[in-house]
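What follows is a single structure, written as structure tokens, with notes after it.
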Amino acid sequence: MSSFYVEWLNLLIRWSHLIVGIGWIGTSFYFIALDLSLKKREKMNPGVYGTAWEVHGGGFYHVEKYLVAPPALPSDLIWYKWEAYLTWVSGFLLLIVQYYWNANTFLIDRSVLPLLPSQAIVISVLTLVGGWLIYDQLCKSPIGKNTPLLAVCLFVLIVGAAYLLTHVFSGRGALIHVGAFIGTIMAVNVFGIIVPNQKKIVASLLKHEAPDPRLGAIGKQRSVHNNYLTLPVLLMMVSNHYPFLTGHPQSWILVAFILLLGGSIRHFLNRHEAHDPLLKYVWTVPLAAAALGVLLVMTAPKPLDIDPSLTVSDAQVLTLTAKHCTMCHAARPTHDGFDAPPKGVLLTSTDQLILHKDQIMAQAVNGTAMPLGNETHMTEEDRKTLGAWLQSH
């Protein structure tokens, strides 16, 4: 299929992924905030746990939460599940179109591990399935009853997966898979735990039977996990736009601090919504600041040590870029994955190289994000040669 049509397919799936993802994240944030804002009032209907008054769009809303079934449930009860399902489905389709279809370019880096596309795809799928199974067993084990211990185990699980993935896939492929790893856990929480448990509870209530309280507790636990994982997974999903993340030699350590940063911000917002005393959760501010500080230090530019006496001619640099750059960055790319130069960047002349000097230095000299997947086996000496020429201009 022409890469032009693949690009359109990519765009439409990505657009759909964003739309349903916003819906899922919005409902997750809303219902956690709603739960935390419920208050017991003097006059409440029988069976109501708490109520909240809200204002939006020029109107007022009075929301009640029942822990037992009201006398009747409407047939149009809203479940809020399809946003989660479609987010995962569209995300997996995007993984297929972007990373499986172009595995040699975006998923595999032979300097990390020489894989065949079929091997990389199998590892990808097994990682997503295995991540859910391990997470689910942790939650169902005695560890799941100890929230701090479970949080530590989940942190170790995700960082461990990041370590594995960064030693198997390209930088871009690894971090997008960390996001998919977390996103799969979140989606299956909804599909396999939260909604089925809620259906059992509704069935019991409609029969005027006491529902198993464990079902609600388990669903709530998984819902809270999803809420805290949202900020880190969002950053992972946009990481491929930032070579200082995907090209970092210890990007799995960056994942650890991204989890701390996102989780602490989410905890601060949740406890604020619950109107807890500030002193009970203000500790998250220095934790978030420390995590961000470590990320800034770790990702700070580390220029390649280039011999200042190294002289490179225009002919030499154009020979080098013809080997490593122009297969994609030409008016008519020869790379199978592109019909047009990425981002409209052309690198076929010295003037064009100078025009994009800063980007080239960041991504192909001081960083290793380019060439994609290092398909052309660009060496450190090649990068120093390119850097020496750019620095002299």
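Residues are referred to by chain and number: the chain letter is A, B, ... according to the order shown in the structure tokens, the number counts from 1 in that chain, and ligands are numbered separately from 1 in the order shown.
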Query raised in the report: Counting only C-alpha atoms, what is within 8 Å of Thr321 (chain A), bar same-chain residues fewer than 4 positions away, as a list of chain:residue names?
Result: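 Residues near the query, excluding close chain neighbours: A:Val317, A:Cys325, A:Thr326, A:Leu347, A:Thr348.
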Show me, as a PDB file with C-alpha atoms, in the first residue's frame, the residues that have an atom within 9 Å of Pro303 (chain A) when counting only C-alpha atoms, minus same-chain residues fewer than 6 positions from it.
ATOM      1  CA  MET A 361      23.011  18.501  16.234  1.00  0.00           C
ATOM      2  CA  ALA A 362      20.312  17.522  18.744  1.00  0.00           C
ATOM      3  CA  VAL A 365      25.130  14.293  16.655  1.00  0.00           C
ATOM      4  CA  ASN A 366      24.611  14.779  20.391  1.00  0.00           C
ATOM      5  CA  GLY A 367      21.665  12.363  20.283  1.00  0.00           C
TER       6      GLY A 367
END
Report task. Name the residues in contact with Ser223 (chain A) at a cut-off of 8 Å, using only C-alpha atoms, excluding same-chain residues fewer than 4 positions from it; report them as a PyMOL selection string. Result -> chain A and resi 28+189-190+194+219+227
Report task. Extract, using only C-alpha atoms, all DNA, RNA and protein residues at most 12 Å from Arg222 (chain A), discarding same-chain residues fewer than 6 positions from it, and format them as an NGL selection string. Result -> :A and (28 or 32 or 135-136 or 138-140 or 144 or 147 or 150-151 or 185-195 or 197 or 215-216 or 228-229)
Expected file: the selected residues, N, CA and C atoms, as a short mmCIF file (atom, residue, chain, number, x, y, z; two decimals), in the first residue's frame:
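Ended up saving to part26.cif:
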data_model
loop_
_atom_site.label_atom_id
_atom_site.label_comp_id
_atom_site.auth_asym_id
_atom_site.auth_seq_id
_atom_site.Cartn_x
_atom_site.Cartn_y
_atom_site.Cartn_z
N SER A 28 -12.81 9.62 33.87
CA SER A 28 -12.02 9.13 35.00
C SER A 28 -11.75 10.25 36.00
N ILE A 32 -13.66 10.53 39.83
CA ILE A 32 -12.82 10.54 41.04
C ILE A 32 -13.05 11.84 41.80
N TYR A 135 0.19 -7.87 36.74
CA TYR A 135 -0.50 -6.83 37.51
C TYR A 135 -1.76 -7.39 38.18
N ASP A 136 -2.55 -8.14 37.42
CA ASP A 136 -3.80 -8.68 37.95
C ASP A 136 -3.54 -9.63 39.12
N LEU A 138 -0.95 -9.57 41.12
CA LEU A 138 -0.52 -8.76 42.26
C LEU A 138 -1.72 -8.20 43.01
N CYS A 139 -2.70 -7.69 42.25
CA CYS A 139 -3.89 -7.11 42.88
C CYS A 139 -4.71 -8.16 43.62
N LYS A 140 -4.74 -9.38 43.09
CA LYS A 140 -5.54 -10.44 43.70
C LYS A 140 -4.82 -11.16 44.84
N GLY A 144 -2.30 -7.09 47.33
CA GLY A 144 -3.33 -6.17 46.89
C GLY A 144 -4.11 -5.53 48.02
N THR A 147 -2.17 -1.19 50.34
CA THR A 147 -2.06 -0.19 49.28
C THR A 147 -0.64 0.33 49.07
N LEU A 150 1.42 -2.46 47.45
CA LEU A 150 0.97 -2.68 46.08
C LEU A 150 1.49 -1.57 45.16
N ALA A 151 1.45 -0.33 45.64
CA ALA A 151 1.95 0.80 44.84
C ALA A 151 3.42 0.61 44.50
N ILE A 185 -3.12 -2.24 30.85
CA ILE A 185 -3.55 -2.50 32.22
C ILE A 185 -4.80 -1.69 32.54
N MET A 186 -4.81 -0.43 32.16
CA MET A 186 -5.94 0.45 32.45
C MET A 186 -7.20 0.00 31.72
N ALA A 187 -7.06 -0.34 30.43
CA ALA A 187 -8.23 -0.72 29.64
C ALA A 187 -8.82 -2.05 30.10
N VAL A 188 -7.95 -3.02 30.40
CA VAL A 188 -8.46 -4.32 30.84
C VAL A 188 -9.04 -4.21 32.25
N ASN A 189 -8.55 -3.27 33.03
CA ASN A 189 -9.21 -3.00 34.32
C ASN A 189 -10.69 -2.69 34.11
N VAL A 190 -10.97 -1.86 33.12
CA VAL A 190 -12.36 -1.49 32.83
C VAL A 190 -13.12 -2.68 32.25
N PHE A 191 -12.53 -3.30 31.22
CA PHE A 191 -13.21 -4.37 30.49
C PHE A 191 -13.36 -5.65 31.32
N GLY A 192 -12.30 -5.99 32.08
CA GLY A 192 -12.29 -7.29 32.76
C GLY A 192 -12.66 -7.26 34.22
N ILE A 193 -12.62 -6.08 34.84
CA ILE A 193 -12.87 -6.02 36.29
C ILE A 193 -14.00 -5.05 36.64
N ILE A 194 -13.83 -3.79 36.30
CA ILE A 194 -14.75 -2.75 36.78
C ILE A 194 -16.17 -2.96 36.26
N VAL A 195 -16.31 -3.07 34.94
CA VAL A 195 -17.66 -3.22 34.36
C VAL A 195 -18.31 -4.56 34.74
N ASN A 197 -17.84 -6.38 37.40
CA ASN A 197 -18.22 -6.30 38.82
C ASN A 197 -19.45 -5.42 39.00
N LEU A 215 -16.97 -6.76 45.47
CA LEU A 215 -17.02 -6.38 44.06
C LEU A 215 -16.84 -4.87 43.88
N GLY A 216 -17.53 -4.12 44.72
CA GLY A 216 -17.40 -2.66 44.65
C GLY A 216 -16.02 -2.20 45.06
N TYR A 228 -4.47 7.26 38.73
CA TYR A 228 -3.09 7.65 39.05
C TYR A 228 -2.13 7.35 37.89
N LEU A 229 -2.47 6.41 37.03
CA LEU A 229 -1.59 6.06 35.91
C LEU A 229 -1.79 6.96 34.69
#
Report task. Name the closest residue to Leu11 (chain A) among the candidates A:Pro308, A:Gly50, A:Gly91, A:Gly57; distances are taken between atoms, counting only C-alpha atoms. Result ->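 Looking at the shortest contact to Leu11 (chain A), the residue is A:Gly91.
The space between CA of Leu126 (chain A) and CA of Ala84 (chain A) spans 21.0 Å.
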Each region 229-306 of chain A residue no farther than 12 Å from region 13-20 of chain A, nearest pair in Å, only C-alpha atoms, as JSON lines:
{"residue": "A:Leu234", "atom": "CA", "partner": "A:Leu18", "partner_atom": "CA", "distance": 10.6}
{"residue": "A:Met237", "atom": "CA", "partner": "A:Leu18", "partner_atom": "CA", "distance": 10.6}
{"residue": "A:Val238", "atom": "CA", "partner": "A:Leu18", "partner_atom": "CA", "distance": 11.3}
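Among A:Tyr30, A:Trp283, A:Tyr80, A:Phe106, the residue with the shortest atom-to-atom distance to Leu372 (chain A), counting only C-alpha atoms, is A:Phe106.
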Query raised in the report: region 50-230 of chain A: which residues are strand (DSSP E) by DSSP, as number ranges by chain?
Result: A: 50-56, 59-66
Please dump the current selection as a short mmCIF file (atom, residue, chain, number, x, y, z; two decimals), in the first residue's frame; keep C-alpha atoms.
data_model
loop_
_atom_site.label_atom_id
_atom_site.label_comp_id
_atom_site.auth_asym_id
_atom_site.auth_seq_id
_atom_site.Cartn_x
_atom_site.Cartn_y
_atom_site.Cartn_z
CA GLY A 50 -23.59 11.56 49.70
CA THR A 51 -24.50 14.38 47.35
CA ALA A 52 -22.78 17.14 45.42
CA TRP A 53 -24.03 20.40 43.94
CA GLU A 54 -22.34 21.52 40.74
CA VAL A 55 -22.67 24.37 38.27
CA HIS A 56 -21.69 24.22 34.61
CA GLY A 59 -27.16 25.28 34.86
CA PHE A 60 -27.04 23.60 38.27
CA TYR A 61 -26.71 19.87 38.87
CA HIS A 62 -27.58 17.91 42.01
CA VAL A 63 -25.75 14.55 42.00
CA GLU A 64 -26.53 11.73 44.44
CA LYS A 65 -24.51 8.56 44.99
CA TYR A 66 -26.36 5.40 46.08
#
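Across the model, the gap from CA of Leu128 (chain A) to CA of Leu235 (chain A) is 18.1 Å.
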Query raised in the report: So which one's closest to Asn104 (chain A), A:Val159, A:Gly293, A:Ile25, A:Phe169? Using only C-alpha atoms, please.
Result: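 For Asn104 (chain A), the nearest of the candidates is A:Phe169.
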Query raised in the report: When you draw a straight line from CA of Gly179 (chain A) to CA of Phe4 (chain A), how long is it in Å?
Result: 26.6 Å
